[in-house]
$ cat work-v6.pdb   # PDB, C-alpha atoms, pLDDT in the B column
ATOM      1  CA  MET O  56      77.528  28.350-124.887  1.00 49.00           C
ATOM      2  CA  ALA O  57      75.541  31.371-126.044  1.00 46.00           C
ATOM      3  CA  ASP O  58      74.472  29.408-129.099  1.00 48.00           C
ATOM      4  CA  MET O  59      73.180  26.604-126.878  1.00 43.00           C
ATOM      5  CA  ASP O  60      71.121  29.061-124.762  1.00 47.00           C
ATOM      6  CA  ALA O  61      69.651  30.573-127.868  1.00 46.00           C
ATOM      7  CA  PHE O  62      68.785  27.107-129.132  1.00 40.00           C
ATOM      8  CA  ILE O  63      66.953  26.251-125.922  1.00 40.00           C
ATOM      9  CA  GLU O  64      65.074  29.542-125.853  1.00 45.00           C
ATOM     10  CA  ASN O  65      63.998  29.156-129.474  1.00 46.00           C
ATOM     11  CA  SER O  66      63.399  25.427-129.425  1.00 44.00           C
ATOM     12  CA  ASP O  67      59.663  25.946-129.186  1.00 44.00           C
ATOM     13  CA  GLU O  68      59.768  27.896-132.398  1.00 42.00           C
ATOM     14  CA  ARG O  69      61.386  24.943-134.191  1.00 42.00           C
ATOM     15  CA  LEU O  70      58.775  22.368-133.112  1.00 39.00           C
ATOM     16  CA  PRO O  71      56.224  21.470-135.730  1.00 46.00           C
ATOM     17  CA  PHE O  72      52.790  23.013-135.114  1.00 41.00           C
ATOM     18  CA  LEU O  73      51.001  19.715-134.447  1.00 40.00           C
ATOM     19  CA  ILE O  74      53.669  18.609-131.993  1.00 40.00           C
ATOM     20  CA  ARG O  75      53.460  21.889-130.111  1.00 44.00           C
ATOM     21  CA  GLU O  76      49.653  21.626-130.048  1.00 45.00           C
ATOM     22  CA  SER O  77      49.877  18.108-128.627  1.00 46.00           C
ATOM     23  CA  ILE O  78      52.248  19.266-125.909  1.00 43.00           C
ATOM     24  CA  ASP O  79      50.022  22.232-125.031  1.00 49.00           C
ATOM     25  CA  GLU O  80      46.977  19.991-124.988  1.00 51.00           C
ATOM     26  CA  GLY O  81      48.774  17.564-122.683  1.00 52.00           C
ATOM     27  CA  LEU O  82      49.724  20.367-120.346  1.00 45.00           C
ATOM     28  CA  ASP O  83      46.122  21.628-120.283  1.00 52.00           C
ATOM     29  CA  LYS O  84      44.827  18.142-119.526  1.00 52.00           C
ATOM     30  CA  SER O  85      47.400  17.750-116.795  1.00 53.00           C
ATOM     31  CA  ARG O  86      46.356  21.052-115.220  1.00 54.00           C
ATOM     32  CA  PHE O  87      42.650  20.127-115.470  1.00 52.00           C
ATOM     33  CA  SER O  88      43.315  16.719-113.973  1.00 56.00           C
ATOM     34  CA  GLY O  89      45.167  18.339-111.066  1.00 58.00           C
ATOM     35  CA  ILE O  90      42.328  20.790-110.418  1.00 56.00           C
ATOM     36  CA  LYS O  91      39.768  17.991-110.635  1.00 52.00           C
ATOM     37  CA  ASP O  92      41.743  15.870-108.164  1.00 58.00           C
ATOM     38  CA  PHE O  93      42.020  18.844-105.816  1.00 53.00           C
ATOM     39  CA  LEU O  94      38.265  19.526-105.929  1.00 53.00           C
ATOM     40  CA  PHE O  95      37.499  15.830-105.477  1.00 57.00           C
ATOM     41  CA  ASN O  96      39.779  15.601-102.450  1.00 65.00           C
ATOM     42  CA  LYS O  97      38.260  18.793-101.055  1.00 62.00           C
ATOM     43  CA  LYS O  98      34.778  17.271-101.302  1.00 65.00           C
ATOM     44  CA  ILE O  99      35.962  14.138 -99.515  1.00 72.00           C
ATOM     45  CA  TYR O 100      37.464  16.196 -96.697  1.00 65.00           C
ATOM     46  CA  LEU O 101      34.270  18.255 -96.464  1.00 71.00           C
ATOM     47  CA  HIS O 102      32.123  15.122 -96.218  1.00 65.00           C
ATOM     48  CA  ILE O 103      34.423  13.665 -93.564  1.00 71.00           C
ATOM     49  CA  LEU O 104      34.209  16.909 -91.605  1.00 70.00           C
ATOM     50  CA  LEU O 105      30.401  16.888 -91.829  1.00 66.00           C
ATOM     51  CA  ILE O 106      30.238  13.255 -90.705  1.00 68.00           C
ATOM     52  CA  ILE O 107      32.455  14.022 -87.706  1.00 70.00           C
ATOM     53  CA  SER O 108      30.363  17.095 -86.843  1.00 62.00           C
ATOM     54  CA  TYR O 109      27.059  15.190 -87.048  1.00 55.00           C
ATOM     55  CA  THR O 110      28.541  12.371 -84.974  1.00 58.00           C
ATOM     56  CA  LEU O 111      29.672  14.774 -82.259  1.00 61.00           C
ATOM     57  CA  ILE O 112      26.307  16.561 -82.218  1.00 52.00           C
ATOM     58  CA  SER O 113      24.455  13.243 -81.989  1.00 48.00           C
ATOM     59  CA  PHE O 114      26.753  12.112 -79.194  1.00 50.00           C
ATOM     60  CA  VAL O 115      26.111  15.300 -77.201  1.00 44.00           C
ATOM     61  CA  VAL O 116      22.328  15.022 -77.665  1.00 39.00           C
ATOM     62  CA  ILE O 117      22.272  11.344 -76.674  1.00 42.00           C
ATOM     63  CA  LEU O 118      24.523  12.037 -73.691  1.00 45.00           C
ATOM     64  CA  SER O 119      22.230  14.831 -72.495  1.00 44.00           C
ATOM     65  CA  PHE O 120      19.282  12.435 -72.407  1.00 39.00           C
ATOM     66  CA  HIS O 121      21.281   9.854 -70.471  1.00 43.00           C
ATOM     67  CA  GLN O 122      22.739  12.230 -67.902  1.00 42.00           C
ATOM     68  CA  PRO O 123      21.584  11.695 -64.317  1.00 44.00           C
ATOM     69  CA  ILE O 124      18.764  14.067 -63.448  1.00 42.00           C
ATOM     70  CA  SER O 125      21.022  15.653 -60.813  1.00 41.00           C
ATOM     71  CA  GLN O 126      23.189  16.972 -63.648  1.00 45.00           C
ATOM     72  CA  ARG O 127      20.189  18.488 -65.438  1.00 49.00           C
ATOM     73  CA  ARG O 128      18.626  20.366 -62.533  1.00 61.00           C
ATOM     74  CA  HIS O 129      15.090  21.586 -63.020  1.00 83.00           C
ATOM     75  CA  ASN O 130      13.851  24.603 -61.090  1.00 92.00           C
ATOM     76  CA  ALA O 131      10.087  24.805 -60.712  1.00 95.00           C
ATOM     77  CA  LEU O 132      10.251  28.605 -61.087  1.00 95.00           C
ATOM     78  CA  GLN O 133      12.616  29.838 -63.763  1.00 92.00           C
ATOM     79  CA  ASP O 134      13.278  33.283 -62.262  1.00 93.00           C
ATOM     80  CA  ILE O 135      14.495  32.187 -58.831  1.00 94.00           C
ATOM     81  CA  ASN O 136      18.157  32.662 -58.031  1.00 94.00           C
ATOM     82  CA  ILE O 137      20.061  29.578 -56.922  1.00 94.00           C
ATOM     83  CA  TYR O 138      23.631  29.924 -55.711  1.00 95.00           C
ATOM     84  CA  TYR O 139      25.618  27.094 -54.134  1.00 96.00           C
ATOM     85  CA  GLU O 140      28.537  27.533 -51.784  1.00 96.00           C
ATOM     86  CA  PRO O 141      30.699  25.284 -49.566  1.00 96.00           C
ATOM     87  CA  ARG O 142      29.611  25.434 -45.949  1.00 94.00           C
ATOM     88  CA  LYS O 143      29.921  23.478 -42.714  1.00 94.00           C
ATOM     89  CA  TYR O 144      26.759  22.624 -40.803  1.00 93.00           C
ATOM     90  CA  SER O 145      26.116  24.533 -37.581  1.00 91.00           C
ATOM     91  CA  LEU O 146      26.981  23.056 -34.225  1.00 89.00           C
ATOM     92  CA  MET O 147      23.955  22.329 -32.039  1.00 89.00           C
ATOM     93  CA  ARG O 148      24.934  24.988 -29.532  1.00 89.00           C
ATOM     94  CA  ASP O 149      25.052  27.599 -32.318  1.00 92.00           C
ATOM     95  CA  SER O 150      21.696  26.775 -33.951  1.00 95.00           C
ATOM     96  CA  PRO O 151      18.797  29.163 -33.254  1.00 96.00           C
ATOM     97  CA  TYR O 152      16.268  26.492 -34.280  1.00 97.00           C
ATOM     98  CA  ILE O 153      16.675  23.935 -31.495  1.00 95.00           C
ATOM     99  CA  GLY O 154      16.002  23.720 -27.800  1.00 95.00           C
ATOM    100  CA  PRO O 155      12.898  23.988 -25.616  1.00 96.00           C
ATOM    101  CA  PRO O 156      10.107  26.303 -26.830  1.00 97.00           C
ATOM    102  CA  SER O 157      10.907  29.980 -26.423  1.00 97.00           C
ATOM    103  CA  ASP O 158      10.092  33.273 -28.101  1.00 97.00           C
ATOM    104  CA  ASP O 159      13.510  33.360 -29.771  1.00 97.00           C
ATOM    105  CA  VAL O 160      13.320  29.817 -31.132  1.00 97.00           C
ATOM    106  CA  ASP O 161       9.764  30.317 -32.410  1.00 98.00           C
ATOM    107  CA  ALA O 162      10.747  33.636 -34.012  1.00 98.00           C
ATOM    108  CA  ALA O 163      13.624  31.944 -35.845  1.00 98.00           C
ATOM    109  CA  TRP O 164      11.283  29.258 -37.203  1.00 97.00           C
ATOM    110  CA  ASN O 165       8.576  31.753 -38.160  1.00 96.00           C
ATOM    111  CA  LYS O 166      11.102  33.820 -40.114  1.00 96.00           C
ATOM    112  CA  LEU O 167      11.943  30.771 -42.227  1.00 96.00           C
ATOM    113  CA  PHE O 168       8.360  30.641 -43.464  1.00 97.00           C
ATOM    114  CA  ASN O 169       7.929  34.314 -44.429  1.00 95.00           C
ATOM    115  CA  SER O 170       8.420  33.418 -48.094  1.00 96.00           C
ATOM    116  CA  MET O 171       6.697  30.040 -47.992  1.00 97.00           C
ATOM    117  CA  SER O 172       3.432  30.867 -49.788  1.00 98.00           C
ATOM    118  CA  VAL O 173       4.118  32.280 -53.245  1.00 98.00           C
ATOM    119  CA  ARG O 174       2.120  33.299 -56.289  1.00 98.00           C
ATOM    120  CA  VAL O 175       2.610  31.361 -59.510  1.00 98.00           C
ATOM    121  CA  SER O 176       1.110  31.728 -62.973  1.00 97.00           C
ATOM    122  CA  VAL O 177      -0.955  29.272 -64.986  1.00 97.00           C
ATOM    123  CA  SER O 178       1.969  28.766 -67.365  1.00 97.00           C
ATOM    124  CA  GLU O 179       4.290  27.966 -64.448  1.00 97.00           C
ATOM    125  CA  LEU O 180       1.808  25.427 -63.138  1.00 97.00           C
ATOM    126  CA  SER O 181       1.553  23.926 -66.615  1.00 96.00           C
ATOM    127  CA  TYR O 182       5.359  23.793 -66.869  1.00 96.00           C
ATOM    128  CA  ASN O 183       5.350  21.681 -63.699  1.00 96.00           C
ATOM    129  CA  ASN O 184       2.296  19.652 -64.775  1.00 96.00           C
ATOM    130  CA  GLN O 185       0.377  20.920 -61.737  1.00 97.00           C
ATOM    131  CA  GLU O 186      -2.825  22.702 -60.755  1.00 97.00           C
ATOM    132  CA  SER O 187      -3.488  24.800 -57.660  1.00 98.00           C
ATOM    133  CA  VAL O 188      -5.954  26.985 -55.777  1.00 97.00           C
ATOM    134  CA  PRO O 189      -6.508  30.448 -57.310  1.00 97.00           C
ATOM    135  CA  LEU O 190      -5.618  33.480 -55.183  1.00 97.00           C
ATOM    136  CA  PRO O 191      -7.934  36.480 -54.593  1.00 95.00           C
ATOM    137  CA  LYS O 192      -5.440  38.910 -56.155  1.00 96.00           C
ATOM    138  CA  GLY O 193      -4.575  36.713 -59.134  1.00 96.00           C
ATOM    139  CA  GLY O 194      -2.291  33.816 -59.770  1.00 97.00           C
ATOM    140  CA  HIS O 195      -2.280  30.562 -57.858  1.00 98.00           C
ATOM    141  CA  LEU O 196      -0.959  29.392 -54.497  1.00 98.00           C
ATOM    142  CA  ALA O 197       2.195  27.263 -54.303  1.00 98.00           C
ATOM    143  CA  TRP O 198       5.125  26.283 -52.105  1.00 98.00           C
ATOM    144  CA  LEU O 199       8.582  25.405 -53.318  1.00 98.00           C
ATOM    145  CA  GLY O 200       9.333  21.817 -52.324  1.00 97.00           C
ATOM    146  CA  VAL O 201      11.957  22.878 -49.788  1.00 97.00           C
ATOM    147  CA  TYR O 202       9.272  24.714 -47.802  1.00 98.00           C
ATOM    148  CA  HIS O 203       7.128  21.600 -47.604  1.00 98.00           C
ATOM    149  CA  GLU O 204      10.138  19.780 -46.186  1.00 98.00           C
ATOM    150  CA  LEU O 205      10.807  22.580 -43.676  1.00 98.00           C
ATOM    151  CA  HIS O 206       7.133  22.528 -42.700  1.00 98.00           C
ATOM    152  CA  CYS O 207       7.509  18.839 -41.896  1.00 98.00           C
ATOM    153  CA  VAL O 208      10.580  19.456 -39.750  1.00 98.00           C
ATOM    154  CA  LYS O 209       8.563  22.052 -37.837  1.00 98.00           C
ATOM    155  CA  VAL O 210       5.677  19.595 -37.365  1.00 98.00           C
ATOM    156  CA  LEU O 211       8.040  16.998 -35.901  1.00 98.00           C
ATOM    157  CA  ARG O 212       9.720  19.558 -33.659  1.00 98.00           C
ATOM    158  CA  GLN O 213       6.373  20.691 -32.257  1.00 97.00           C
ATOM    159  CA  ALA O 214       5.299  17.074 -31.799  1.00 97.00           C
ATOM    160  CA  ASN O 215       8.470  16.582 -29.764  1.00 97.00           C
ATOM    161  CA  TYR O 216       7.285  19.386 -27.461  1.00 97.00           C
ATOM    162  CA  ARG O 217       3.653  18.343 -27.674  1.00 96.00           C
ATOM    163  CA  ASP O 218       2.723  19.498 -24.177  1.00 96.00           C
ATOM    164  CA  PHE O 219       3.664  23.054 -25.103  1.00 97.00           C
ATOM    165  CA  TYR O 220       2.409  23.267 -28.694  1.00 98.00           C
ATOM    166  CA  HIS O 221      -0.587  20.945 -28.352  1.00 97.00           C
ATOM    167  CA  PRO O 222      -1.894  21.350 -24.791  1.00 96.00           C
ATOM    168  CA  ASN O 223      -5.141  19.599 -23.904  1.00 95.00           C
ATOM    169  CA  ILE O 224      -5.047  17.675 -27.170  1.00 96.00           C
ATOM    170  CA  THR O 225      -7.994  15.347 -27.713  1.00 97.00           C
ATOM    171  CA  VAL O 226      -7.736  11.723 -28.738  1.00 97.00           C
ATOM    172  CA  GLU O 227      -8.949  12.563 -32.235  1.00 97.00           C
ATOM    173  CA  GLU O 228      -6.531  15.487 -32.551  1.00 97.00           C
ATOM    174  CA  LEU O 229      -3.688  13.289 -31.331  1.00 97.00           C
ATOM    175  CA  ARG O 230      -4.516  10.720 -34.000  1.00 98.00           C
ATOM    176  CA  ASP O 231      -4.492  13.461 -36.660  1.00 98.00           C
ATOM    177  CA  LEU O 232      -1.147  14.720 -35.359  1.00 97.00           C
ATOM    178  CA  GLN O 233       0.337  11.231 -35.521  1.00 97.00           C
ATOM    179  CA  VAL O 234      -0.883  10.796 -39.096  1.00 98.00           C
ATOM    180  CA  HIS O 235       0.597  14.188 -39.994  1.00 98.00           C
ATOM    181  CA  ALA O 236       3.883  13.278 -38.298  1.00 98.00           C
ATOM    182  CA  ASP O 237       4.036   9.948 -40.134  1.00 98.00           C
ATOM    183  CA  HIS O 238       3.474  11.765 -43.417  1.00 98.00           C
ATOM    184  CA  CYS O 239       6.300  14.146 -42.572  1.00 98.00           C
ATOM    185  CA  VAL O 240       8.688  11.365 -41.576  1.00 98.00           C
ATOM    186  CA  ASP O 241       8.162   9.636 -44.897  1.00 99.00           C
ATOM    187  CA  LEU O 242       8.318  12.834 -46.944  1.00 98.00           C
ATOM    188  CA  LEU O 243      11.645  13.717 -45.328  1.00 98.00           C
ATOM    189  CA  ARG O 244      12.898  10.186 -45.937  1.00 98.00           C
ATOM    190  CA  GLU O 245      11.999  10.550 -49.621  1.00 98.00           C
ATOM    191  CA  ALA O 246      13.622  13.981 -49.814  1.00 97.00           C
ATOM    192  CA  LEU O 247      16.846  12.814 -48.190  1.00 97.00           C
ATOM    193  CA  MET O 248      17.097   9.772 -50.437  1.00 97.00           C
ATOM    194  CA  CYS O 249      16.238  11.905 -53.484  1.00 96.00           C
ATOM    195  CA  HIS O 250      18.713  14.716 -52.769  1.00 93.00           C
ATOM    196  CA  GLY O 251      21.125  12.555 -50.793  1.00 93.00           C
ATOM    197  CA  ASP O 252      24.373  14.184 -49.726  1.00 94.00           C
ATOM    198  CA  THR O 253      27.198  12.182 -51.302  1.00 94.00           C
ATOM    199  CA  GLU O 254      29.746  14.989 -51.099  1.00 93.00           C
ATOM    200  CA  SER O 255      30.693  14.630 -47.437  1.00 93.00           C
ATOM    201  CA  LEU O 256      31.671  11.958 -44.934  1.00 94.00           C
ATOM    202  CA  THR O 257      30.445  11.369 -41.401  1.00 94.00           C
ATOM    203  CA  THR O 258      33.281   9.947 -39.314  1.00 96.00           C
ATOM    204  CA  PHE O 259      33.627   8.421 -35.859  1.00 97.00           C
ATOM    205  CA  ILE O 260      35.791   8.564 -32.732  1.00 96.00           C
ATOM    206  CA  TRP O 261      36.368   6.469 -29.635  1.00 97.00           C
ATOM    207  CA  SER O 262      35.260   7.780 -26.267  1.00 94.00           C
ATOM    208  CA  GLU O 263      36.478   6.862 -22.804  1.00 92.00           C
ATOM    209  CA  LYS O 264      32.870   6.411 -21.667  1.00 92.00           C
ATOM    210  CA  TRP O 265      31.252   4.365 -24.444  1.00 93.00           C
ATOM    211  CA  THR O 266      32.021   0.953 -25.890  1.00 95.00           C
ATOM    212  CA  LYS O 267      30.733   1.880 -29.334  1.00 96.00           C
ATOM    213  CA  PRO O 268      32.164   4.487 -31.730  1.00 97.00           C
ATOM    214  CA  LEU O 269      30.686   7.961 -31.410  1.00 95.00           C
ATOM    215  CA  LEU O 270      30.038  10.497 -34.140  1.00 93.00           C
ATOM    216  CA  SER O 271      33.030  12.735 -34.637  1.00 93.00           C
ATOM    217  CA  PRO O 272      32.455  16.433 -33.889  1.00 90.00           C
ATOM    218  CA  ARG O 273      34.707  17.296 -36.812  1.00 92.00           C
ATOM    219  CA  ARG O 274      32.495  18.794 -39.485  1.00 91.00           C
ATOM    220  CA  SER O 275      32.746  18.359 -43.251  1.00 93.00           C
ATOM    221  CA  TYR O 276      32.040  20.868 -45.981  1.00 94.00           C
ATOM    222  CA  HIS O 277      28.760  20.511 -47.847  1.00 95.00           C
ATOM    223  CA  ARG O 278      27.523  22.051 -51.095  1.00 95.00           C
ATOM    224  CA  CYS O 279      24.781  24.296 -49.725  1.00 96.00           C
ATOM    225  CA  MET O 280      22.264  26.639 -51.256  1.00 95.00           C
ATOM    226  CA  ASN O 281      22.594  30.257 -50.175  1.00 97.00           C
ATOM    227  CA  TRP O 282      19.240  30.639 -48.443  1.00 97.00           C
ATOM    228  CA  ASP O 283      19.254  34.449 -48.353  1.00 97.00           C
ATOM    229  CA  ILE O 284      19.706  34.688 -52.127  1.00 97.00           C
ATOM    230  CA  LEU O 285      16.789  32.294 -52.701  1.00 97.00           C
ATOM    231  CA  VAL O 286      14.505  34.207 -50.323  1.00 97.00           C
ATOM    232  CA  GLU O 287      15.401  37.530 -51.933  1.00 97.00           C
ATOM    233  CA  SER O 288      14.409  36.210 -55.368  1.00 97.00           C
ATOM    234  CA  LEU O 289      10.990  35.135 -54.016  1.00 97.00           C
ATOM    235  CA  LYS O 290      10.038  38.510 -52.516  1.00 96.00           C
ATOM    236  CA  GLY O 291       7.962  39.622 -55.485  1.00 96.00           C
ATOM    237  CA  ARG O 292       5.853  36.455 -55.271  1.00 97.00           C
ATOM    238  CA  ILE O 293       5.064  36.326 -51.543  1.00 97.00           C
ATOM    239  CA  VAL O 294       1.382  36.000 -50.649  1.00 97.00           C
ATOM    240  CA  ASP O 295       0.732  38.013 -47.480  1.00 96.00           C
ATOM    241  CA  GLU O 296      -1.344  36.848 -44.508  1.00 94.00           C
ATOM    242  CA  GLU O 297      -4.295  39.074 -45.409  1.00 95.00           C
ATOM    243  CA  GLU O 298      -4.664  37.455 -48.811  1.00 96.00           C
ATOM    244  CA  MET O 299      -4.206  33.995 -47.308  1.00 96.00           C
ATOM    245  CA  ASP O 300      -6.953  34.759 -44.797  1.00 95.00           C
ATOM    246  CA  GLY O 301      -9.199  35.739 -47.702  1.00 93.00           C
ATOM    247  CA  LEU O 302      -9.071  32.247 -49.194  1.00 94.00           C
ATOM    248  CA  LYS O 303     -12.464  30.552 -48.936  1.00 92.00           C
ATOM    249  CA  ASN O 304     -13.152  26.962 -49.870  1.00 93.00           C
ATOM    250  CA  PRO O 305     -15.862  27.115 -52.586  1.00 91.00           C
ATOM    251  CA  ARG O 306     -16.872  23.543 -51.783  1.00 91.00           C
ATOM    252  CA  LEU O 307     -17.884  24.537 -48.263  1.00 90.00           C
ATOM    253  CA  THR O 308     -19.696  27.794 -48.987  1.00 70.00           C
ATOM    254  CA  VAL O 309     -23.486  27.706 -49.073  1.00 60.00           C
TER     255      VAL O 309
END
$ encode --input "work-v6.pdb" --output "C-alpha cells"
Amino acid sequence: MADMDAFIENSDERLPFLIRESIDEGLDKSRFSGIKDFLFNKKIYLHILLIISYTLISFVVILSFHQPISQRRHNALQDINIYYEPRKYSLMRDSPYIGPPSDDVDAAWNKLFNSMSVRVSVSELSYNNQESVPLPKGGHLAWLGVYHELHCVKVLRQANYRDFYHPNITVEELRDLQVHADHCVDLLREALMCHGDTESLTTFIWSEKWTKPLLSPRRSYHRCMNWDILVESLKGRIVDEEEMDGLKNPRLTV
C-alpha cells in the first residue's frame, strides 16, 4: 500500500516533459476560460442591473408628470408653513362668523384679514408668472388665493345684511355691488370645484315635520389646514395699514 502511495505522489515525476507541459497548459487554459466566463457573466449581470435601474428611474419620472396636480401641490410662497390635520366643521351655533351684524362678529371677520396683504419679491412673482403693484417700502403687493376667497365670502355676507353694511346705497352702487357679488359667487364656485372635498360624506335623515330628507347633523372629519400655523408663517410679510394707505395710483396722479 505504501508503494502505491509513493507511486501516486511521484507519478508526475515519471510523466514525460511534453506530456506534463500539455497537462499544465490545459489546466491554465481551463482556469483562464473559467475567469473569462465569470467576467463575461458579471458584465451581463451589470448591464441587466443598469437596464432595470434606468427603467425604474424613467418610470418614476414619467409617473411624476402624470400625477394629478393635487398630488404635486404647489405653494405660491415657498417659505409658508402648511400643516394639515383632521377636523370636524363647526356647528352654526358655535361659529363666531355668522349671525346679524355685531361688534363681535365684525371683529372675528376683521381678524381673519390681518395677514391678507403680504409683501412678495420679484422672483416670487416670476415663479408664479405674475406681476403686481410695487409697495412704498419695497417688494410687491399680493394676497394668497385663500384670502381672495375669504374676501368674497365677506362680500356675500355683507350683501346679505345690505341695510346695515350698505345703508342709503344708490342705484349705481347697488349695481356695482351686484356685479361684485356675482364675481364672488363664481370665484367661490371655481374654488370649490378646484379644491373639492372628496374626503367626507354629507348624509341625510328623516324628520317628523318634512316630507323630504334633511341634512344630518352628524359631522364628518375633513382634512383641514391649520390656519394659525399659516398665519404665523406670514407675519414677516404683512403690509400694515399705513403702508397700504400710502399706495397712490400713478395713472391718476397729475
$ atom_distance --input "work-v6.pdb" --atom1 "CA of Asn184 (chain O)" --atom2 "CA of Leu132 (chain O)"
12.5 Å
$ residues_around --input "work-v6.pdb" --residues "region 256-266 of chain O" --least-positions-apart "2" --cutoff "12 Å" --atoms "all atoms listed in the file" --output "VMD selection string"
chain O and resid 143 to 144 252 to 254 268 to 277
$ closest_residue --input "work-v6.pdb" --among "O:His235, O:Ile135, O:Met147, O:Gly301" --to "Lys192 (chain O)" --atoms "all atoms listed in the file"
O:Gly301
$ closest_residue --input "work-v6.pdb" --among "O:Pro191, O:Asp161, O:Glu140, O:Leu101" --to "Glu297 (chain O)" --atoms "all atoms listed in the file"
O:Pro191
$ closest_residue --input "work-v6.pdb" --among "O:Met280, O:His195, O:Pro156, O:Pro141" --to "Phe219 (chain O)" --atoms "all atoms listed in the file"
O:Pro156
$ atom_distance --input "work-v6.pdb" --atom1 "CA of Arg142 (chain O)" --atom2 "CA of Ala197 (chain O)"
28.7 Å
$ atom_distance --input "work-v6.pdb" --atom1 "CA of Asp149 (chain O)" --atom2 "CA of Cys207 (chain O)"
21.8 Å
$ closest_residue --input "work-v6.pdb" --among "O:Trp164, O:Val208, O:Asn130, O:Asp218" --to "Asp237 (chain O)" --atoms "only C-alpha atoms"
O:Val208
$ axis_aligned_box --input "work-v6.pdb" --around "region 244-261 of chain O" --padding-each-side "5 Å" --output "JSON"
{"center_x": 24.2, "center_y": 10.7, "center_z": -41.6, "size_x": 34.4, "size_y": 18.5, "size_z": 33.8}
